[in-house]
Structure formats: C-alpha cells, structure tokens
Amino acid sequence: MEITEVRVALRQSLGRSGTGEHRLRAYATVTFDHCFVVRNIKIIDGTHGLFVAMPSRKPKAACARCAFKNDAGGRFCTQCGTAMPQVGRPEGPGAEVAEGHRDIAHPITADFRQVLQQKILEAYEAERAKERLASSAVDDTA
Ligand SMILES: [Zn+2]
C-alpha cells in the first residue's frame with residue numbers, strides 16, 4: 001500500500017497554548033493508493049516529541065431512558081437530562097466505555113505505522129516551513 005498524498009492543516013494556536021501534556025498541532029488527511037482517504041489524523045506534541053494519533057472516537061454511553069448516545073463521562077443525558085451512570089467503575093454491559101478512545105483506522109504493522117508517521121511528520125514540517133516563510137514575509141512589510 002502506498003501513501004499517495006498527505007495534507008496537513010496546522011492549528012492556528014501554534015504558540016504556547018495551555019499547559020496540557022498533549023498539544024494538538026495539526027490535522028492530517030492521508031490518501032492511500034489514490035483511492036482511500038483517512039481524515040482526522042492528529043499530530044500531537046507530546047512529552048517525547050511529535051507523534052501521530054490515528055482518528056479515534058470517544059466512547060459513547062447510551063441513555064437508559066431515551067437511548068441518546070452521550071459522550072461517556074457526562075453526568076446527565078444531554079437529550080433528556082436523565083442522570084447517567086458514572087464511568088470509571090466498569091461493571092456489566094457498557095464496561096467497555098471505560099476503556100477510552102478507540103482508533104477508527106490504524107496501521108496494524110509496526111513497519112507501516114513507522115512509514116505513515118514519518119510521511120505525516122514530513123508533511124507537517126513542510127507545512128510549518130511554508131507558514132514560517134509566509135509570516136516572515138508579512139513581518140518584513142510591516
Ligand atoms: Zn436521555
């Protein structure tokens with residue numbers, strides 16, 4: 001499988017934003033073999049440098065009353081206001097909710113993960129270089 005395109009959208013708040021241990025730097029969209037696209041890949045500035053996080057979904061918890069799928073962890077159903085069972089104590093059906101984010105699409109071999117991550121980070125660096133050029137050009141005219 002070949003990575004045929006990587007598009008990177010930098011997040012605007014590139015400065016020191018927040019004190020969170022994980023800082024989202026950019027989103028990437030990757031095309032494979034000209035025919036399959038994965039969006040919502042994240043480039044994160046973690047404690048050990050940049051890394052790529054595959055798209056994931058937040059665990060959902062269905063409301064017992066109206067069946068609305070809320071983000072897990074909320075205290076009340078956002079649809080009907082019924083109190084939601086609290087996560088953190090896995091029990092019975094729905095215990096999987098406590099496991100955290102689940103990748104939607106991801107490489108299954110270490111080799112391909114490496115290739116993919118490298119391609120994405122290269123595209124990210126290229127995009128940042130472009131942005132630095134653009135912003136220094138603006139500075140010059142100011
Ligand atoms: Zn509800």
# chains A, B, ... in the order shown; residues from 1 in each chain; ligands from 1
>>> closest_atom_pairs(of="chain A", to="ligand 1", cutoff="9 Å", atoms="only C-alpha atoms and all ligand atoms", output="tab-separated table")
residue	atom	partner	partner_atom_place_in_ligand_line	distance
A:Ala62	CA	ligand 1	1 (Zn)	7.7
A:Cys63	CA	ligand 1	1 (Zn)	4.6
A:Ala64	CA	ligand 1	1 (Zn)	6.6
A:Arg65	CA	ligand 1	1 (Zn)	5.1
A:Cys66	CA	ligand 1	1 (Zn)	4.1
A:Ala67	CA	ligand 1	1 (Zn)	5.9
A:Phe68	CA	ligand 1	1 (Zn)	5.4
A:Lys69	CA	ligand 1	1 (Zn)	8.1
A:Asn70	CA	ligand 1	1 (Zn)	8.3
A:Phe76	CA	ligand 1	1 (Zn)	7.8
A:Cys77	CA	ligand 1	1 (Zn)	4.6
A:Thr78	CA	ligand 1	1 (Zn)	6.7
A:Gln79	CA	ligand 1	1 (Zn)	5.0
A:Cys80	CA	ligand 1	1 (Zn)	4.1
A:Gly81	CA	ligand 1	1 (Zn)	5.9
A:Thr82	CA	ligand 1	1 (Zn)	5.4
A:Ala83	CA	ligand 1	1 (Zn)	8.2
A:Met84	CA	ligand 1	1 (Zn)	8.3
>>> write_last_selection(atoms="C-alpha atoms", output="PDB file, in the first residue's frame")
ATOM      1  CA  ALA A  62     -26.487   5.322  25.603  1.00  0.00           C
ATOM      2  CA  CYS A  63     -29.057   6.926  27.880  1.00  0.00           C
ATOM      3  CA  ALA A  64     -31.172   4.307  29.616  1.00  0.00           C
ATOM      4  CA  ARG A  65     -34.295   6.431  29.161  1.00  0.00           C
ATOM      5  CA  CYS A  66     -34.147   7.906  25.664  1.00  0.00           C
ATOM      6  CA  ALA A  67     -31.252   5.898  24.177  1.00  0.00           C
ATOM      7  CA  PHE A  68     -29.465   9.080  23.065  1.00  0.00           C
ATOM      8  CA  LYS A  69     -25.757   8.377  22.683  1.00  0.00           C
ATOM      9  CA  ASN A  70     -23.937  10.764  25.003  1.00  0.00           C
ATOM     10  CA  PHE A  76     -26.642  13.788  32.663  1.00  0.00           C
ATOM     11  CA  CYS A  77     -28.089  12.868  29.304  1.00  0.00           C
ATOM     12  CA  THR A  78     -27.779  15.936  27.068  1.00  0.00           C
ATOM     13  CA  GLN A  79     -31.040  14.995  25.397  1.00  0.00           C
ATOM     14  CA  CYS A  80     -33.408  14.346  28.281  1.00  0.00           C
ATOM     15  CA  GLY A  81     -31.458  15.182  31.435  1.00  0.00           C
ATOM     16  CA  THR A  82     -31.606  11.742  32.987  1.00  0.00           C
ATOM     17  CA  ALA A  83     -28.676  11.047  35.306  1.00  0.00           C
ATOM     18  CA  MET A  84     -26.089   8.883  33.570  1.00  0.00           C
TER      19      MET A  84
END
>>> residues_around(residues="Gln118 of chain A", least_positions_apart="5", cutoff="10 Å", atoms="only C-alpha atoms", output="VMD selection string")
chain A and resid 51 to 52 112 to 113 123 to 124
>>> write_last_selection(atoms="N, CA and C atoms", output="PDB file, in the first residue's frame")
ATOM      1  N   PHE A  51       4.152  13.148  17.716  1.00  0.00           N
ATOM      2  CA  PHE A  51       3.704  11.824  17.300  1.00  0.00           C
ATOM      3  C   PHE A  51       2.371  11.953  16.593  1.00  0.00           C
ATOM      4  N   VAL A  52       2.012  10.887  15.919  1.00  0.00           N
ATOM      5  CA  VAL A  52       0.809  10.879  15.105  1.00  0.00           C
ATOM      6  C   VAL A  52      -0.241  10.022  15.802  1.00  0.00           C
ATOM      7  N   PHE A 112       4.534  -0.361   8.926  1.00  0.00           N
ATOM      8  CA  PHE A 112       3.708   0.607   8.206  1.00  0.00           C
ATOM      9  C   PHE A 112       3.376   1.799   9.090  1.00  0.00           C
ATOM     10  N   ARG A 113       3.220   1.561  10.367  1.00  0.00           N
ATOM     11  CA  ARG A 113       2.995   2.674  11.293  1.00  0.00           C
ATOM     12  C   ARG A 113       4.153   3.673  11.200  1.00  0.00           C
ATOM     13  N   ALA A 123       5.322  15.968   6.122  1.00  0.00           N
ATOM     14  CA  ALA A 123       4.350  16.902   5.553  1.00  0.00           C
ATOM     15  C   ALA A 123       4.066  18.032   6.544  1.00  0.00           C
ATOM     16  N   TYR A 124       4.029  17.684   7.804  1.00  0.00           N
ATOM     17  CA  TYR A 124       3.806  18.682   8.854  1.00  0.00           C
ATOM     18  C   TYR A 124       4.948  19.691   8.891  1.00  0.00           C
TER      19      TYR A 124
END
>>> closest_residue(among="A:Pro59, A:Thr47, A:Glu131, A:Ala105", to="Leu10 of chain A", atoms="only C-alpha atoms")
A:Glu131
>>> residues_around(residues="Lys42 of chain A", least_positions_apart="2", cutoff="6 Å", atoms="only C-alpha atoms", output="list in words")
Ala26, Tyr27, Val52 and Ala53 of chain A
>>> write_last_selection(atoms="C-alpha atoms", output="PDB file, in the first residue's frame")
ATOM      1  CA  ALA A  26      -2.273  19.831  13.235  1.00  0.00           C
ATOM      2  CA  TYR A  27      -4.744  17.598  11.493  1.00  0.00           C
ATOM      3  CA  VAL A  52       0.809  10.879  15.105  1.00  0.00           C
ATOM      4  CA  ALA A  53      -2.521   9.820  16.559  1.00  0.00           C
TER       5      ALA A  53
END
>>> atom_distance(atom1="atom CA of Val8 of chain A", atom2="atom CA of Ile120 of chain A")
7.8 Å
>>> closest_residue(among="A:Ile44, A:Val6, A:Leu121, A:Ala137", to="Thr29 of chain A", atoms="only C-alpha atoms")
A:Val6
>>> atom_distance(atom1="atom CA of Ile41 of chain A", atom2="atom CA of Glu125 of chain A")
15.3 Å
>>> closest_residue(among="A:Lys119, A:Arg75, A:Arg102, A:Arg39", to="Lys58 of chain A", atoms="only C-alpha atoms")
A:Arg102
>>> atom_distance(atom1="atom CA of Val37 of chain A", atom2="atom CA of Glu5 of chain A")
9.0 Å
>>> residues_around(residues="Asp103 of chain A", least_positions_apart="3", cutoff="9 Å", atoms="only C-alpha atoms", output="ChimeraX atom specification")
/A:53-57,106
>>> select_by_dssp(residues="segment 35-113 of chain A", states="strand (DSSP E)", output="short mmCIF file (atom, residue, chain, number, x, y, z; two decimals) with N, CA and C atoms, in the first residue's frame")
data_model
loop_
_atom_site.label_atom_id
_atom_site.label_comp_id
_atom_site.auth_asym_id
_atom_site.auth_seq_id
_atom_site.Cartn_x
_atom_site.Cartn_y
_atom_site.Cartn_z
N PHE A 36 -8.15 5.83 -1.30
CA PHE A 36 -8.73 5.63 0.03
C PHE A 36 -8.19 6.73 0.93
N VAL A 37 -9.11 7.46 1.58
CA VAL A 37 -8.71 8.62 2.37
C VAL A 37 -9.02 8.39 3.84
N VAL A 38 -8.08 8.76 4.69
CA VAL A 38 -8.32 8.76 6.13
C VAL A 38 -8.13 10.20 6.62
N ARG A 39 -9.18 10.72 7.21
CA ARG A 39 -9.13 12.08 7.74
C ARG A 39 -8.95 12.06 9.25
N ASN A 40 -8.74 13.28 9.77
CA ASN A 40 -8.78 13.43 11.23
C ASN A 40 -7.62 12.74 11.95
N ILE A 41 -6.53 12.57 11.23
CA ILE A 41 -5.32 12.09 11.90
C ILE A 41 -4.72 13.29 12.61
N LYS A 42 -4.28 13.12 13.82
CA LYS A 42 -3.78 14.25 14.60
C LYS A 42 -2.27 14.19 14.76
N ILE A 43 -1.68 15.38 14.71
CA ILE A 43 -0.26 15.49 15.02
C ILE A 43 -0.16 16.17 16.37
N ILE A 44 0.43 15.46 17.30
CA ILE A 44 0.41 15.90 18.68
C ILE A 44 1.83 16.09 19.19
N ASP A 45 2.01 17.19 19.89
CA ASP A 45 3.30 17.50 20.50
C ASP A 45 3.27 16.92 21.91
N GLY A 46 3.79 15.75 22.05
CA GLY A 46 3.72 15.08 23.34
C GLY A 46 4.99 15.29 24.15
N GLY A 49 8.12 14.36 22.20
CA GLY A 49 8.22 14.84 20.84
C GLY A 49 6.93 14.62 20.07
N LEU A 50 7.01 14.93 18.77
CA LEU A 50 5.82 14.84 17.94
C LEU A 50 5.44 13.39 17.71
N PHE A 51 4.15 13.15 17.72
CA PHE A 51 3.70 11.82 17.30
C PHE A 51 2.37 11.95 16.59
N VAL A 52 2.01 10.89 15.92
CA VAL A 52 0.81 10.88 15.10
C VAL A 52 -0.24 10.02 15.80
N ALA A 53 -1.43 10.57 15.96
CA ALA A 53 -2.52 9.82 16.56
C ALA A 53 -3.56 9.54 15.49
N SER A 56 -9.77 8.62 16.19
CA SER A 56 -10.41 7.77 17.20
C SER A 56 -11.76 8.36 17.53
N ARG A 57 -12.58 7.56 18.15
CA ARG A 57 -13.85 8.09 18.58
C ARG A 57 -13.92 8.03 20.09
N LYS A 60 -19.02 6.21 23.75
CA LYS A 60 -20.36 6.77 23.95
C LYS A 60 -21.11 5.90 24.95
N ALA A 61 -22.02 6.54 25.61
CA ALA A 61 -22.86 5.79 26.54
C ALA A 61 -24.31 6.12 26.20
N ALA A 62 -25.10 5.10 25.95
CA ALA A 62 -26.49 5.32 25.60
C ALA A 62 -27.30 5.60 26.87
N LYS A 69 -27.15 8.75 22.42
CA LYS A 69 -25.76 8.38 22.68
C LYS A 69 -24.96 9.60 23.14
N ASN A 70 -24.72 9.67 24.43
CA ASN A 70 -23.94 10.76 25.00
C ASN A 70 -22.45 10.41 25.01
N ASP A 71 -21.62 11.46 25.07
CA ASP A 71 -20.21 11.21 25.32
C ASP A 71 -20.10 10.59 26.71
N ARG A 102 -11.00 4.87 21.03
CA ARG A 102 -10.78 3.72 20.16
C ARG A 102 -10.36 4.24 18.80
N ASP A 103 -9.30 3.68 18.25
CA ASP A 103 -8.90 4.05 16.90
C ASP A 103 -9.93 3.54 15.91
#
